[in-house]
Structure formats: C-alpha cells, structure tokens
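Student: One file: structure-v4.cif (mmCIF, C-alpha atoms).
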data_work
#
loop_
_atom_site.label_atom_id
_atom_site.label_comp_id
_atom_site.auth_asym_id
_atom_site.auth_seq_id
_atom_site.Cartn_x
_atom_site.Cartn_y
_atom_site.Cartn_z
CA MET A 1 -9.85 9.78 -25.66
CA ASP A 2 -12.55 12.22 -26.71
CA LYS A 3 -14.77 10.81 -29.41
CA GLU A 4 -17.36 12.63 -31.46
CA PHE A 5 -20.85 11.96 -30.19
CA ILE A 6 -24.21 13.16 -31.43
CA TYR A 7 -25.10 14.30 -27.94
CA SER A 8 -22.70 15.80 -25.44
CA ASP A 9 -22.58 14.39 -21.91
CA GLU A 10 -24.44 17.45 -20.64
CA GLU A 11 -27.21 16.99 -23.19
CA LEU A 12 -27.53 13.35 -22.23
CA ILE A 13 -27.83 14.04 -18.51
CA ALA A 14 -30.42 16.73 -19.29
CA ARG A 15 -32.42 14.20 -21.31
CA PHE A 16 -32.07 11.68 -18.50
CA GLN A 17 -33.28 14.24 -15.97
CA ASN A 18 -36.35 14.65 -18.17
CA GLY A 19 -37.07 10.93 -18.02
CA ASP A 20 -35.16 9.51 -21.01
CA GLU A 21 -33.70 6.27 -19.60
CA GLN A 22 -31.87 5.53 -22.84
CA ALA A 23 -29.71 8.58 -22.16
CA TYR A 24 -28.67 6.94 -18.89
CA VAL A 25 -27.60 3.78 -20.73
CA GLU A 26 -25.57 5.89 -23.13
CA LEU A 27 -23.82 7.67 -20.25
CA VAL A 28 -23.06 4.29 -18.64
CA ASN A 29 -21.53 3.04 -21.88
CA ARG A 30 -19.41 6.16 -22.20
CA TYR A 31 -18.08 6.21 -18.67
CA ARG A 32 -17.92 2.70 -17.27
CA ASP A 33 -14.43 1.83 -18.59
CA ARG A 34 -13.04 5.32 -18.01
CA LEU A 35 -14.22 5.20 -14.42
CA MET A 36 -13.01 1.61 -14.05
CA THR A 37 -9.49 2.62 -15.12
CA PHE A 38 -9.48 5.58 -12.74
CA VAL A 39 -10.80 3.62 -9.76
CA TYR A 40 -8.66 0.56 -10.42
CA ARG A 41 -5.48 2.68 -10.55
CA PHE A 42 -6.64 4.24 -7.33
CA VAL A 43 -7.58 1.17 -5.24
CA ASN A 44 -5.51 -1.51 -7.05
CA ASP A 45 -8.22 -4.17 -6.78
CA GLY A 46 -10.38 -5.17 -9.75
CA VAL A 47 -13.35 -6.48 -7.76
CA ILE A 48 -13.49 -3.49 -5.42
CA ALA A 49 -12.98 -1.12 -8.35
CA GLU A 50 -15.91 -2.62 -10.22
CA ASP A 51 -18.13 -2.37 -7.14
CA ILE A 52 -17.19 1.30 -6.77
CA VAL A 53 -17.96 2.00 -10.43
CA GLN A 54 -21.32 0.25 -9.97
CA ASP A 55 -22.05 2.38 -6.92
CA THR A 56 -21.09 5.50 -8.86
CA LEU A 57 -23.42 4.69 -11.73
CA VAL A 58 -26.27 3.73 -9.39
CA LYS A 59 -25.76 7.08 -7.69
CA LEU A 60 -25.94 8.73 -11.09
CA TYR A 61 -29.36 7.10 -11.49
CA THR A 62 -30.75 7.88 -8.04
CA HIS A 63 -29.24 11.36 -7.70
CA LYS A 64 -29.58 12.57 -11.26
CA ASP A 65 -31.41 15.69 -10.11
CA TYR A 66 -28.45 16.76 -8.02
CA TYR A 67 -26.48 17.51 -11.16
CA ARG A 68 -26.67 21.18 -12.15
CA ASN A 69 -25.60 22.28 -15.57
CA ILE A 70 -22.96 24.65 -14.23
CA ALA A 71 -20.18 22.06 -14.24
CA LYS A 72 -19.04 19.52 -16.79
CA PHE A 73 -20.71 16.16 -16.38
CA SER A 74 -17.31 14.41 -16.39
CA THR A 75 -16.04 16.39 -13.39
CA TRP A 76 -19.24 15.60 -11.50
CA ILE A 77 -19.08 11.85 -12.13
CA TYR A 78 -15.33 11.69 -11.40
CA THR A 79 -15.94 13.52 -8.12
CA ILE A 80 -18.52 10.91 -7.09
CA ALA A 81 -16.23 8.02 -8.08
CA GLY A 82 -13.22 9.59 -6.36
CA ASN A 83 -15.13 10.16 -3.12
CA LEU A 84 -16.44 6.60 -3.11
CA ALA A 85 -12.94 5.26 -3.80
CA LYS A 86 -11.48 7.30 -0.95
CA THR A 87 -14.19 6.07 1.41
CA GLU A 88 -13.43 2.48 0.39
CA LEU A 89 -9.71 2.97 0.98
CA ARG A 90 -10.37 4.35 4.45
CA LYS A 91 -12.54 1.34 5.24
CA LYS A 92 -9.82 -0.96 3.88
CA LYS A 93 -7.22 0.78 6.01
CA ARG A 94 -9.34 0.31 9.14
CA ARG A 95 -9.82 -3.37 8.34
CA LYS A 96 -6.10 -3.78 7.73
CA VAL A 97 -5.13 -2.47 11.15
CA THR A 98 -6.42 -5.67 12.70
CA ASN A 99 -4.47 -7.89 10.33
CA LEU A 100 -1.13 -6.10 10.13
CA SER A 101 0.57 -8.28 12.68
CA GLU A 102 -0.27 -11.40 10.68
CA MET A 103 1.07 -10.09 7.36
CA GLY A 104 4.48 -9.35 5.93
CA THR A 105 5.30 -5.78 4.92
CA GLU A 106 5.08 -6.65 1.22
CA ASP A 107 1.51 -7.90 1.60
CA TRP A 108 0.14 -4.73 3.10
CA GLU A 109 -0.89 -2.98 -0.08
CA TYR A 110 -0.75 -5.31 -3.05
CA GLN A 111 -0.57 -8.89 -4.21
CA ILE A 112 1.49 -8.76 -7.40
CA PRO A 113 2.96 -12.01 -8.69
CA ALA A 114 6.71 -12.11 -9.25
CA VAL A 115 7.57 -11.61 -12.92
CA GLU A 116 11.01 -12.02 -14.48
CA ARG A 117 12.30 -8.94 -16.30
CA ASP A 118 13.99 -10.66 -19.22
CA THR A 119 11.23 -12.86 -20.66
CA GLY A 120 10.30 -10.65 -23.58
CA ASP A 121 8.80 -7.27 -24.35
CA ILE A 122 5.26 -8.12 -23.29
CA VAL A 123 6.30 -9.43 -19.93
CA GLN A 124 8.62 -6.46 -19.54
CA GLY A 125 5.69 -4.20 -20.32
CA GLN A 126 3.58 -5.99 -17.73
CA PHE A 127 6.41 -5.71 -15.25
CA ALA A 128 6.69 -1.98 -15.89
CA GLU A 129 2.94 -1.60 -15.48
CA GLN A 130 3.01 -3.44 -12.18
CA GLN A 131 5.91 -1.36 -10.95
CA ILE A 132 4.17 1.86 -11.89
CA GLN A 133 0.94 0.65 -10.31
CA ARG A 134 2.81 -0.27 -7.17
CA ALA A 135 4.53 3.11 -7.05
CA ILE A 136 1.20 4.92 -7.53
CA GLN A 137 -0.27 2.96 -4.62
CA SER A 138 2.45 4.16 -2.29
CA LEU A 139 1.71 7.83 -3.02
CA PRO A 140 -0.35 9.78 -0.49
CA LEU A 141 -4.03 9.95 -1.51
CA HIS A 142 -4.00 13.62 -2.51
CA PHE A 143 -1.03 13.03 -4.82
CA ARG A 144 -2.41 9.76 -6.15
CA THR A 145 -5.73 11.26 -7.20
CA VAL A 146 -4.29 14.14 -9.19
CA VAL A 147 -1.54 12.20 -10.93
CA ILE A 148 -3.98 9.49 -12.10
CA LEU A 149 -6.40 12.10 -13.38
CA ARG A 150 -3.67 13.97 -15.20
CA ASP A 151 -1.25 11.35 -16.53
CA ILE A 152 -3.57 8.36 -17.00
CA GLN A 153 -6.99 9.94 -17.54
CA GLU A 154 -5.48 12.96 -19.31
CA LEU A 155 -7.86 15.50 -17.83
CA SER A 156 -7.01 19.20 -17.87
CA TYR A 157 -5.68 20.97 -14.80
CA GLU A 158 -8.91 22.98 -14.61
CA GLU A 159 -11.05 19.84 -14.59
CA ILE A 160 -8.86 18.24 -11.92
CA SER A 161 -9.08 21.39 -9.83
CA LYS A 162 -12.89 21.13 -9.90
CA ILE A 163 -12.91 17.40 -9.17
CA VAL A 164 -10.63 17.55 -6.14
CA GLU A 165 -11.93 20.99 -5.13
CA VAL A 166 -8.56 22.64 -4.59
CA PRO A 167 -7.09 25.70 -6.33
CA LEU A 168 -5.38 25.33 -9.69
CA GLY A 169 -1.96 26.24 -8.30
CA THR A 170 -2.23 23.54 -5.65
CA VAL A 171 -3.20 20.98 -8.29
CA LYS A 172 -0.15 21.86 -10.42
CA SER A 173 2.14 21.70 -7.44
CA ARG A 174 0.70 18.34 -6.30
CA ILE A 175 1.06 16.82 -9.76
CA ASN A 176 4.68 17.97 -9.99
CA ARG A 177 5.46 16.60 -6.51
CA ALA A 178 3.73 13.31 -7.32
CA ARG A 179 5.79 12.89 -10.51
CA LEU A 180 9.01 13.61 -8.60
CA GLN A 181 8.10 10.99 -6.00
CA LEU A 182 7.19 8.42 -8.64
CA GLN A 183 10.43 9.08 -10.51
CA GLU A 184 12.38 8.58 -7.31
CA MET A 185 10.61 5.27 -6.62
CA LEU A 186 10.97 3.99 -10.17
CA LYS A 187 14.63 4.97 -10.69
CA GLU A 188 15.80 1.38 -11.03
CA LEU A 189 13.12 0.60 -13.60
CA ARG A 190 14.86 2.60 -16.35
CA MET B 1 18.51 28.75 -9.97
CA ASN B 2 18.96 26.05 -7.36
CA ARG B 3 17.90 22.41 -7.24
CA TYR B 4 14.53 23.06 -5.57
CA GLN B 5 13.59 25.82 -8.01
CA PHE B 6 14.52 23.48 -10.85
CA GLU B 7 12.35 20.66 -9.50
CA ASP B 8 9.40 23.01 -9.09
CA LEU B 9 9.52 23.85 -12.79
CA ILE B 10 10.03 20.38 -14.29
CA SER B 11 6.36 19.71 -15.11
CA ASP B 12 5.83 23.17 -16.57
CA TYR B 13 8.92 22.69 -18.75
CA ILE B 14 7.80 19.29 -20.06
CA GLU B 15 4.30 20.60 -20.77
CA ASN B 16 5.62 23.73 -22.50
CA LYS B 17 4.06 26.12 -20.04
CA LEU B 18 7.14 28.15 -19.16
CA PRO B 19 7.90 31.62 -20.56
CA ILE B 20 10.93 31.64 -22.85
CA ALA B 21 13.20 33.40 -20.37
CA LYS B 22 12.48 30.86 -17.66
CA ARG B 23 12.84 28.01 -20.12
CA LYS B 24 16.32 29.17 -21.11
CA GLU B 25 17.28 29.57 -17.48
CA LEU B 26 16.22 25.99 -16.81
CA GLU B 27 18.12 24.69 -19.84
CA ALA B 28 21.22 26.51 -18.67
CA PHE B 29 20.86 24.84 -15.28
CA MET B 30 20.60 21.42 -16.96
CA GLU B 31 23.70 22.13 -19.03
CA ALA B 32 25.59 22.79 -15.85
CA ASN B 33 24.03 19.84 -13.97
CA PRO B 34 23.75 16.67 -16.07
CA GLU B 35 21.99 14.77 -13.26
CA ALA B 36 19.23 17.41 -13.39
CA LYS B 37 18.81 16.69 -17.09
CA ASP B 38 18.64 12.94 -16.33
CA GLN B 39 15.94 13.59 -13.76
CA LEU B 40 13.88 15.61 -16.21
CA GLU B 41 14.19 12.96 -18.92
CA SER B 42 13.27 10.29 -16.40
CA ILE B 43 10.06 12.13 -15.52
CA ARG B 44 9.25 12.67 -19.19
CA SER B 45 9.65 8.93 -19.77
CA LEU B 46 7.49 8.12 -16.73
CA MET B 47 4.71 10.35 -18.04
CA LYS B 48 4.80 8.57 -21.40
CA SER B 49 4.68 5.17 -19.67
CA MET B 50 1.68 6.22 -17.61
CA LYS B 51 -0.18 7.37 -20.71
CA LYS B 52 0.48 3.96 -22.26
CA LEU B 53 -0.96 2.03 -19.34
CA PRO B 54 -3.79 -0.12 -20.68
CA GLU B 55 -7.40 0.85 -20.05
CA VAL B 56 -8.97 -1.39 -17.42
CA ARG B 57 -12.30 -2.72 -18.63
CA THR B 58 -15.32 -3.70 -16.64
CA SER B 59 -16.42 -7.35 -16.68
CA ASP B 60 -18.95 -8.73 -19.18
CA GLN B 61 -21.66 -8.97 -16.54
CA PHE B 62 -21.18 -5.36 -15.49
CA THR B 63 -24.12 -3.83 -17.34
CA ALA B 64 -26.52 -6.66 -16.44
CA LYS B 65 -25.57 -6.35 -12.76
CA LEU B 66 -25.92 -2.59 -12.90
CA MET B 67 -29.37 -2.72 -14.46
CA LYS B 68 -30.47 -5.19 -11.80
CA ARG B 69 -29.36 -2.77 -9.12
CA VAL B 70 -31.06 0.11 -10.88
CA GLU B 71 -34.31 -1.88 -11.01
CA PHE B 72 -33.97 -2.59 -7.31
CA GLU B 73 -33.41 1.10 -6.57
CA LYS B 74 -36.40 2.04 -8.70
CA ASN B 75 -38.72 -0.28 -6.78
CA ARG B 76 -37.40 0.50 -3.34
CA PRO B 77 -40.14 2.12 -1.20
CA SER B 78 -37.81 4.84 0.09
CA ALA B 79 -36.75 5.67 -3.45
CA LYS B 80 -40.39 6.02 -4.50
CA LYS B 81 -41.05 8.19 -1.51
CA TYR B 82 -38.02 10.29 -2.38
CA VAL B 83 -39.25 10.75 -5.94
CA ALA B 84 -42.73 11.61 -4.74
CA THR B 85 -41.62 14.17 -2.21
CA THR B 86 -38.72 15.89 -3.90
CA VAL B 87 -38.89 15.64 -7.64
CA GLY B 88 -40.86 18.47 -9.10
CA SER B 89 -41.87 19.93 -5.73
CA LYS B 90 -40.99 23.39 -4.52
CA THR B 91 -38.67 24.13 -1.66
CA TYR B 92 -38.83 27.01 0.80
CA PHE B 93 -35.42 28.27 1.87
CA GLY B 94 -34.06 24.86 0.97
CA PHE B 95 -36.73 22.95 2.94
CA THR B 96 -39.48 20.82 1.47
CA PRO B 97 -43.00 21.98 2.40
CA ILE B 98 -43.33 19.40 5.18
CA TYR B 99 -40.04 20.34 6.77
CA ALA B 100 -40.77 24.04 6.30
CA THR B 101 -44.11 23.63 8.16
CA VAL B 102 -42.52 21.66 10.99
CA MET B 103 -39.69 24.15 11.32
CA THR B 104 -42.10 27.12 11.36
CA ALA B 105 -44.28 25.46 14.02
CA LEU B 106 -41.20 24.81 16.15
CA VAL B 107 -40.04 28.43 15.88
CA VAL B 108 -43.50 29.76 16.80
CA ALA B 109 -43.73 27.35 19.77
CA PHE B 110 -40.30 28.44 20.94
CA VAL B 111 -41.25 32.13 20.81
CA VAL B 112 -44.57 31.57 22.65
CA VAL B 113 -42.96 29.49 25.41
CA GLY B 114 -40.16 32.04 25.68
CA MET B 115 -42.67 34.87 26.15
CA GLN B 116 -44.48 32.93 28.87
CA LEU B 117 -41.24 32.53 30.78
CA VAL B 118 -40.36 36.26 30.76
CA PRO B 119 -41.27 37.94 34.17
CA LYS B 120 -44.25 40.32 33.89
CA THR B 121 -42.88 43.04 36.33
CA ASN B 122 -41.03 46.02 34.98
CA ASN B 123 -38.50 45.76 37.77
CA ASN B 124 -35.12 45.29 36.20
CA SER B 125 -33.54 43.75 39.28
CA THR B 126 -32.72 40.13 39.24
CA VAL B 127 -35.50 37.90 40.54
CA LEU B 128 -34.19 35.82 43.38
CA PRO B 129 -35.57 32.46 44.39
CA THR B 130 -38.36 32.59 46.96
CA SER B 131 -36.28 30.81 49.59
CA ILE B 132 -33.63 33.58 49.49
CA THR B 133 -36.15 36.46 49.56
CA ALA B 134 -37.92 34.94 52.54
CA GLU B 135 -34.70 34.80 54.58
CA THR B 136 -33.30 38.20 53.70
CA SER B 137 -36.40 40.36 53.54
CA THR B 138 -36.49 43.10 56.23
CA ILE B 139 -39.89 44.44 55.35
CA PRO B 140 -42.41 43.58 58.13
CA LYS B 141 -45.40 41.70 56.94
CA SER B 142 -47.79 44.07 58.73
CA THR B 143 -46.80 46.98 56.48
CA SER B 144 -48.21 45.34 53.51
CA PRO B 145 -51.71 46.54 52.69
CA LYS B 146 -54.37 44.45 54.30
CA PRO B 147 -56.68 43.00 51.76
CA TYR B 148 -60.40 43.64 52.02
CA GLN B 149 -62.43 41.00 53.71
CA ASN B 150 -66.10 40.27 53.36
CA ASP B 151 -66.75 41.10 57.02
CA ASP B 152 -65.32 44.60 56.66
CA ILE B 153 -67.55 45.30 53.77
CA MET B 154 -70.55 44.12 55.77
CA LEU B 155 -69.55 46.32 58.73
CA ALA B 156 -69.27 49.39 56.55
CA GLU B 157 -72.67 48.73 55.21
CA ASP B 158 -74.07 48.36 58.76
CA HIS B 159 -72.89 51.84 59.76
CA ASP B 160 -73.88 53.57 56.62
CA SER B 161 -75.87 56.74 57.54
CA THR B 162 -78.00 56.37 54.50
CA ASP B 163 -79.18 53.03 55.70
CA VAL B 164 -82.86 53.53 56.58
CA ASP B 165 -83.19 50.12 58.16
CA GLY B 166 -80.08 50.13 60.38
CA PRO B 167 -80.21 49.04 64.10
CA ALA B 168 -79.05 52.45 65.52
CA ARG B 169 -81.83 54.23 63.83
CA VAL B 170 -83.91 56.34 66.26
CA LYS B 171 -87.54 55.85 66.37
CA SER B 172 -89.41 58.09 64.03
CA GLY B 173 -91.36 59.82 66.79
CA GLN B 174 -88.32 60.82 68.89
CA PHE B 175 -86.48 62.11 65.88
CA ASP B 176 -89.31 64.32 64.81
CA ASP B 177 -89.55 65.79 68.33
CA LYS B 178 -85.92 66.92 68.33
CA ILE B 179 -86.47 68.79 65.08
CA LYS B 180 -89.44 70.54 66.53
CA LEU B 181 -87.44 71.64 69.62
CA VAL B 182 -84.71 73.30 67.57
CA GLY B 183 -87.29 74.99 65.51
CA ASN B 184 -89.00 76.39 68.61
CA LYS B 185 -85.81 78.14 69.91
#
Could you show the structure in this file as structure tokens?
Tutor:
Amino acid sequence: MDKEFIYSDEELIARFQNGDEQAYVELVNRYRDRLMTFVYRFVNDGVIAEDIVQDTLVKLYTHKDYYRNIAKFSTWIYTIAGNLAKTELRKKKRRKVTNLSEMGTEDWEYQIPAVERDTGDIVQGQFAEQQIQRAIQSLPLHFRTVVILRDIQELSYEEISKIVEVPLGTVKSRINRARLQLQEMLKELR
Amino acid sequence: MNRYQFEDLISDYIENKLPIAKRKELEAFMEANPEAKDQLESIRSLMKSMKKLPEVRTSDQFTAKLMKRVEFEKNRPSAKKYVATTVGSKTYFGFTPIYATVMTALVVAFVVVGMQLVPKTNNNSTVLPTSITAETSTIPKSTSPKPYQNDDIMLAEDHDSTDVDGPARVKSGQFDDKIKLVGNK
C-alpha cells in the first residue's frame, strides 16, 4: 500500500498550512480511494460513503490548522472519516426506527442481490466479498472499526490505537474478538 | 490451556507475536484438539480474504465535486470571518482576543457586583429580613439615641452665656451696679 513519494504526508500538510493549495490536491489524490474503501466497508453504501469522504476532505481544507505535527497525518484523517461515518450510521439508525415495521429482517442492513455460488470463480469471489461485507456489517461498531483498519486497510496496531483513541491492549483484544465473530458467522462459506 | 485462553491467543499466533514457549503450548493444544486447529486455520483464511477485498474507488466526478465544495467553503462569509479572526492571531489562555476581553469584563463585573452585595457591618450574625426583625425586636425605640434637630441647635445657641445679644441679658447699667456693690463690701 505504501508508495514512495517525494513528499511525506506530513510535509504536504505543512505546505498546505503555509498556503500551498497544490499540496492539498496531492493529499486528496493520495487518500480519496483509501478513505473510500474504509468508509464503504464501514457503512456499506457507495453514495453515502462518497459523501462522507467528501465531507472528510472538505474538513481537511477548512480545518487544516487543527492538525498538529505530533501525530501521523494518516491517523488524523482516518479519525475524521471514522467519526463522520459513525455519526452517519447513528443518523441512519434513527431513521430506520421509523421504517422497521414496514421492512423484512433481511432488508434492515443491506440490499445485496442474490448470487449463485457455482457460476464460476469471479462470481464466487463476488459472493465471498458480499458475505464478508455482510458479516462485517453485523459486527458492533467498535469491533467493525478496528477490524477494517487492521485487516483491510492494513494499519499497525499503534496507528489504530491512536485513531480509535483506546489503549493498545484493548485494540488487540477487539481485533481478536472481531475475527472470532466473523469466523463464526462465515463458517459455512469455507 | 483451555478453550478461552486458546481463542485469546489466536491473532497473536497468526501474526507471530507469541513467545516461543507460548507458541509451543498453543501448538500442543491444537494437536490435542483438531477443531481448535480448524478454527485457527479458518481465521487465517478469513484474514487473507479480507486483505484481498478490492479497493473501492471514488466516482469520476469526485474531484470536480470536491473542488466545487472547496470553492464554496472558501467564499462563504463565515469561513472568511473564521480565517480573519483565527488564522495567524494570538490566543490568550485558549481564547481569541475578543473572547478574552469579554470574559475579563464579565469577571470584573461579577466581582464588583459581588462586593456591592456584601453587608458593610462587621457583625458576623446572620442578617434577617426586616419583617422578622420588626416583629421580634425587644429593644424599645426610645432607647435609641435621639438625633439632633435644628430646633435644639437653635435653643442651645439662644442660651449660650457668651451670647452678647441674648434676650436674658441684663441691662448694662444694672449689671455694672452689682459689681460696684460687691466691690464696696
């Protein structure tokens, strides 16, 4: 995932804080897809995920002076995106309360089309992806966040600890518990 | 090692973060419990699958939309005001100069009003409302010192012995006679 860049993220944000707008564009190009993957796995809705990533990057523009060079830029931007995603999920949950009686249990969280298992490797891969995505969605939020950051975004435990603002030991424990829960839910997939 | 202890160590084992002794203990447990080994392999496989999940990309219009929003934010009056007031300006105890001034004025006003409300007597007893003191007071009103009145002052001046023009003043002739009589004895 890490590529070699002329400027580090921290150098770019410093340049942006000093008025270099091109540095902002470079940061956007570096992070938009990474953030999109993270947020999409979190909220399971492409349109909402893109809106959240937009909000995150607008916030980066308007609140650039809030960043202090004591933390990694990536942890800062992931924290913003994660908080916005959580806020959106809470809003979604409140909205859903009014509609629950009109929907079937399967419709509550996701709208995934039915896909046959035995129609080839690609379809099987898509099926597996959907099943994993569905299983991730049913995890509690504090498990969901850490397992996405670790197993999909491949961040270090230390970075995750800073992003979610909980001790390292708690992060490790949550990731382990999340994997156990996912494995339990996806037993029949193997 | 029991089942729960095994489950707690699965991630550390897969990520090679266990000390050798603990690692061997875990492997011995898996030898004795094949379903535990299946569980561990299942989690390892899940982790691989999650790493292989495709990256989700933003739409083609993403950057254009973002730049439009950024332009809007740049030209928003509140954003300009924010830039003007905060960027590059000093703060005092975390407050901007305007807020610091307002806060200081409020604190001073509070202290001044508070001092005005403190009773001026040195008496430490609790000050009761006037209605209660009026009902319970046993001190007769007459005992309180009578204030001076203008008439009293006038009266005192009327009887002053040094007053050369007072009404009780004897006539100068009679007065002089009395002095002479005493002197003659």
Student: Closest to Ala49 in chain A among B:Thr58, B:Thr101, B:Gln116, B:Asn75, using all atoms listed in the file?
Tutor: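 Among the listed residues, B:Thr58 lies closest to Ala49 in chain A.
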Student: With a cut-off of 7 Å and counting only C-alpha atoms, select all residues of chain A in contact with chain B and give the selection as a list of chain:residue names.
Tutor: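 Close to chain B, chain A has A:Arg32, A:Asp33, A:Met36, A:Thr37, A:Glu50, A:Gln54, A:Val58, A:Glu129, A:Asp151, A:Ile152, A:Asn176, A:Arg179, A:Gln183.
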Student: Apply the PyMOL selection byres ((chain A and resi 26-28) around 8) to the file shown and report the selected residues as a list in words.
Tutor: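 Answer for the PyMOL selection byres ((chain A and resi 26-28) around 8): Asp9, Leu12, Ile13, Gln22, Ala23, Tyr24, Val25, Asn29, Arg30, Tyr31, Arg32 and Leu57 of chain A.
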Student: Just give me the gap between CA of Tyr40 in chain A and CA of Asp55 in chain A in Å, one decimal is fine.
Tutor: 14.0 Å
Student: The PyMOL selection byres ((chain A and resi 75) around 12) on the file shown: which residues, as a ChimeraX atom specification?
Tutor: /A:9-10,31,35,67-74,76-82,149,153,155-165
Student: Applying 8 Å and only C-alpha atoms, which residues near Gln17 in chain A remain after dropping the ones on its own chain fewer than 3 positions away? List them as number ranges by chain.
Tutor: A: 13-14, 20, 64-65
Student: Figure out the distance between CA of Arg150 in chain A and CA of Arg177 in chain A, please, to one decimal in Å.
Tutor: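 Calculated distance between CA of Arg177 in chain A and CA of Arg150 in chain A is 12.9 Å.
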Student: Could you please determine the separation between CA of Ala21 in chain B and CA of Gln181 in chain A in Å, to one decimal place?
Tutor: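 Pair CA of Ala21 in chain B / CA of Gln181 in chain A returns 27.1 Å.
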Student: For the file shown, report as a PyMOL selection string the outcome of the PyMOL selection byres ((chain B and resi 36) around 12) at residue level.
Tutor: (chain A and resi 180) or (chain B and resi 1-7+9-10+26-35+37-43)
Student: Given only C-alpha atoms as the basis, pick out the residue of A:Val39, A:Gly46, A:His142, A:Thr56 nearest to Ser173 in chain A.
Tutor: A:His142
Student: Taking into account all atoms listed in the file, which residue in the set A:Glu154, A:Phe143, A:Gly125, A:Glu184 is nearest to Thr170 in chain A?
Tutor: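 Result for the nearest residue to Thr170 in chain A: A:Phe143.
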Student: Can I get N, CA and C atoms for range 35-58 of chain A, as a PDB file, in the first residue's frame?
Tutor:
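Contents of decode05.pdb, freshly written:
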ATOM      1  N   LEU A  35      -9.657   6.223   1.776  1.00  0.00           N
ATOM      2  CA  LEU A  35     -10.762   6.592   2.671  1.00  0.00           C
ATOM      3  C   LEU A  35     -12.077   6.008   2.178  1.00  0.00           C
ATOM      4  N   MET A  36     -12.238   5.981   0.854  1.00  0.00           N
ATOM      5  CA  MET A  36     -13.478   5.439   0.274  1.00  0.00           C
ATOM      6  C   MET A  36     -13.621   3.958   0.647  1.00  0.00           C
ATOM      7  N   THR A  37     -12.536   3.211   0.550  1.00  0.00           N
ATOM      8  CA  THR A  37     -12.584   1.788   0.910  1.00  0.00           C
ATOM      9  C   THR A  37     -12.962   1.628   2.382  1.00  0.00           C
ATOM     10  N   PHE A  38     -12.285   2.394   3.223  1.00  0.00           N
ATOM     11  CA  PHE A  38     -12.549   2.316   4.665  1.00  0.00           C
ATOM     12  C   PHE A  38     -14.007   2.643   4.984  1.00  0.00           C
ATOM     13  N   VAL A  39     -14.484   3.761   4.436  1.00  0.00           N
ATOM     14  CA  VAL A  39     -15.842   4.208   4.775  1.00  0.00           C
ATOM     15  C   VAL A  39     -16.886   3.285   4.150  1.00  0.00           C
ATOM     16  N   TYR A  40     -16.626   2.836   2.923  1.00  0.00           N
ATOM     17  CA  TYR A  40     -17.595   1.939   2.288  1.00  0.00           C
ATOM     18  C   TYR A  40     -17.735   0.633   3.080  1.00  0.00           C
ATOM     19  N   ARG A  41     -16.604   0.070   3.505  1.00  0.00           N
ATOM     20  CA  ARG A  41     -16.673  -1.166   4.312  1.00  0.00           C
ATOM     21  C   ARG A  41     -17.391  -0.911   5.629  1.00  0.00           C
ATOM     22  N   PHE A  42     -17.360   0.311   6.047  1.00  0.00           N
ATOM     23  CA  PHE A  42     -17.965   0.671   7.334  1.00  0.00           C
ATOM     24  C   PHE A  42     -19.478   0.890   7.207  1.00  0.00           C
ATOM     25  N   VAL A  43     -19.907   1.636   6.172  1.00  0.00           N
ATOM     26  CA  VAL A  43     -21.334   1.987   6.078  1.00  0.00           C
ATOM     27  C   VAL A  43     -22.100   1.150   5.055  1.00  0.00           C
ATOM     28  N   ASN A  44     -21.361   0.448   4.171  1.00  0.00           N
ATOM     29  CA  ASN A  44     -21.957  -0.448   3.179  1.00  0.00           C
ATOM     30  C   ASN A  44     -22.924   0.265   2.229  1.00  0.00           C
ATOM     31  N   ASP A  45     -22.579   1.472   1.836  1.00  0.00           N
ATOM     32  CA  ASP A  45     -23.407   2.221   0.883  1.00  0.00           C
ATOM     33  C   ASP A  45     -22.485   3.170   0.117  1.00  0.00           C
ATOM     34  N   GLY A  46     -22.389   2.939  -1.203  1.00  0.00           N
ATOM     35  CA  GLY A  46     -21.433   3.692  -2.012  1.00  0.00           C
ATOM     36  C   GLY A  46     -21.684   5.192  -2.025  1.00  0.00           C
ATOM     37  N   VAL A  47     -22.961   5.574  -2.140  1.00  0.00           N
ATOM     38  CA  VAL A  47     -23.297   7.005  -2.236  1.00  0.00           C
ATOM     39  C   VAL A  47     -22.991   7.707  -0.908  1.00  0.00           C
ATOM     40  N   ILE A  48     -23.445   7.073   0.174  1.00  0.00           N
ATOM     41  CA  ILE A  48     -23.195   7.676   1.499  1.00  0.00           C
ATOM     42  C   ILE A  48     -21.687   7.726   1.773  1.00  0.00           C
ATOM     43  N   ALA A  49     -21.002   6.637   1.399  1.00  0.00           N
ATOM     44  CA  ALA A  49     -19.549   6.581   1.635  1.00  0.00           C
ATOM     45  C   ALA A  49     -18.850   7.721   0.905  1.00  0.00           C
ATOM     46  N   GLU A  50     -19.256   7.966  -0.342  1.00  0.00           N
ATOM     47  CA  GLU A  50     -18.600   9.034  -1.102  1.00  0.00           C
ATOM     48  C   GLU A  50     -18.887  10.409  -0.486  1.00  0.00           C
ATOM     49  N   ASP A  51     -20.110  10.585  -0.015  1.00  0.00           N
ATOM     50  CA  ASP A  51     -20.441  11.852   0.666  1.00  0.00           C
ATOM     51  C   ASP A  51     -19.571  12.047   1.902  1.00  0.00           C
ATOM     52  N   ILE A  52     -19.378  10.962   2.651  1.00  0.00           N
ATOM     53  CA  ILE A  52     -18.580  11.063   3.883  1.00  0.00           C
ATOM     54  C   ILE A  52     -17.115  11.389   3.544  1.00  0.00           C
ATOM     55  N   VAL A  53     -16.610  10.767   2.483  1.00  0.00           N
ATOM     56  CA  VAL A  53     -15.225  11.051   2.083  1.00  0.00           C
ATOM     57  C   VAL A  53     -15.110  12.509   1.635  1.00  0.00           C
ATOM     58  N   GLN A  54     -16.128  12.989   0.923  1.00  0.00           N
ATOM     59  CA  GLN A  54     -16.136  14.409   0.527  1.00  0.00           C
ATOM     60  C   GLN A  54     -16.104  15.305   1.767  1.00  0.00           C
ATOM     61  N   ASP A  55     -16.976  14.989   2.712  1.00  0.00           N
ATOM     62  CA  ASP A  55     -17.023  15.791   3.948  1.00  0.00           C
ATOM     63  C   ASP A  55     -15.661  15.781   4.648  1.00  0.00           C
ATOM     64  N   THR A  56     -15.040  14.605   4.664  1.00  0.00           N
ATOM     65  CA  THR A  56     -13.734  14.477   5.328  1.00  0.00           C
ATOM     66  C   THR A  56     -12.699  15.382   4.662  1.00  0.00           C
ATOM     67  N   LEU A  57     -12.703  15.369   3.331  1.00  0.00           N
ATOM     68  CA  LEU A  57     -11.683  16.139   2.615  1.00  0.00           C
ATOM     69  C   LEU A  57     -11.994  17.641   2.620  1.00  0.00           C
ATOM     70  N   VAL A  58     -13.278  17.990   2.717  1.00  0.00           N
ATOM     71  CA  VAL A  58     -13.629  19.409   2.893  1.00  0.00           C
ATOM     72  C   VAL A  58     -13.161  19.871   4.270  1.00  0.00           C
TER      73      VAL A  58
END
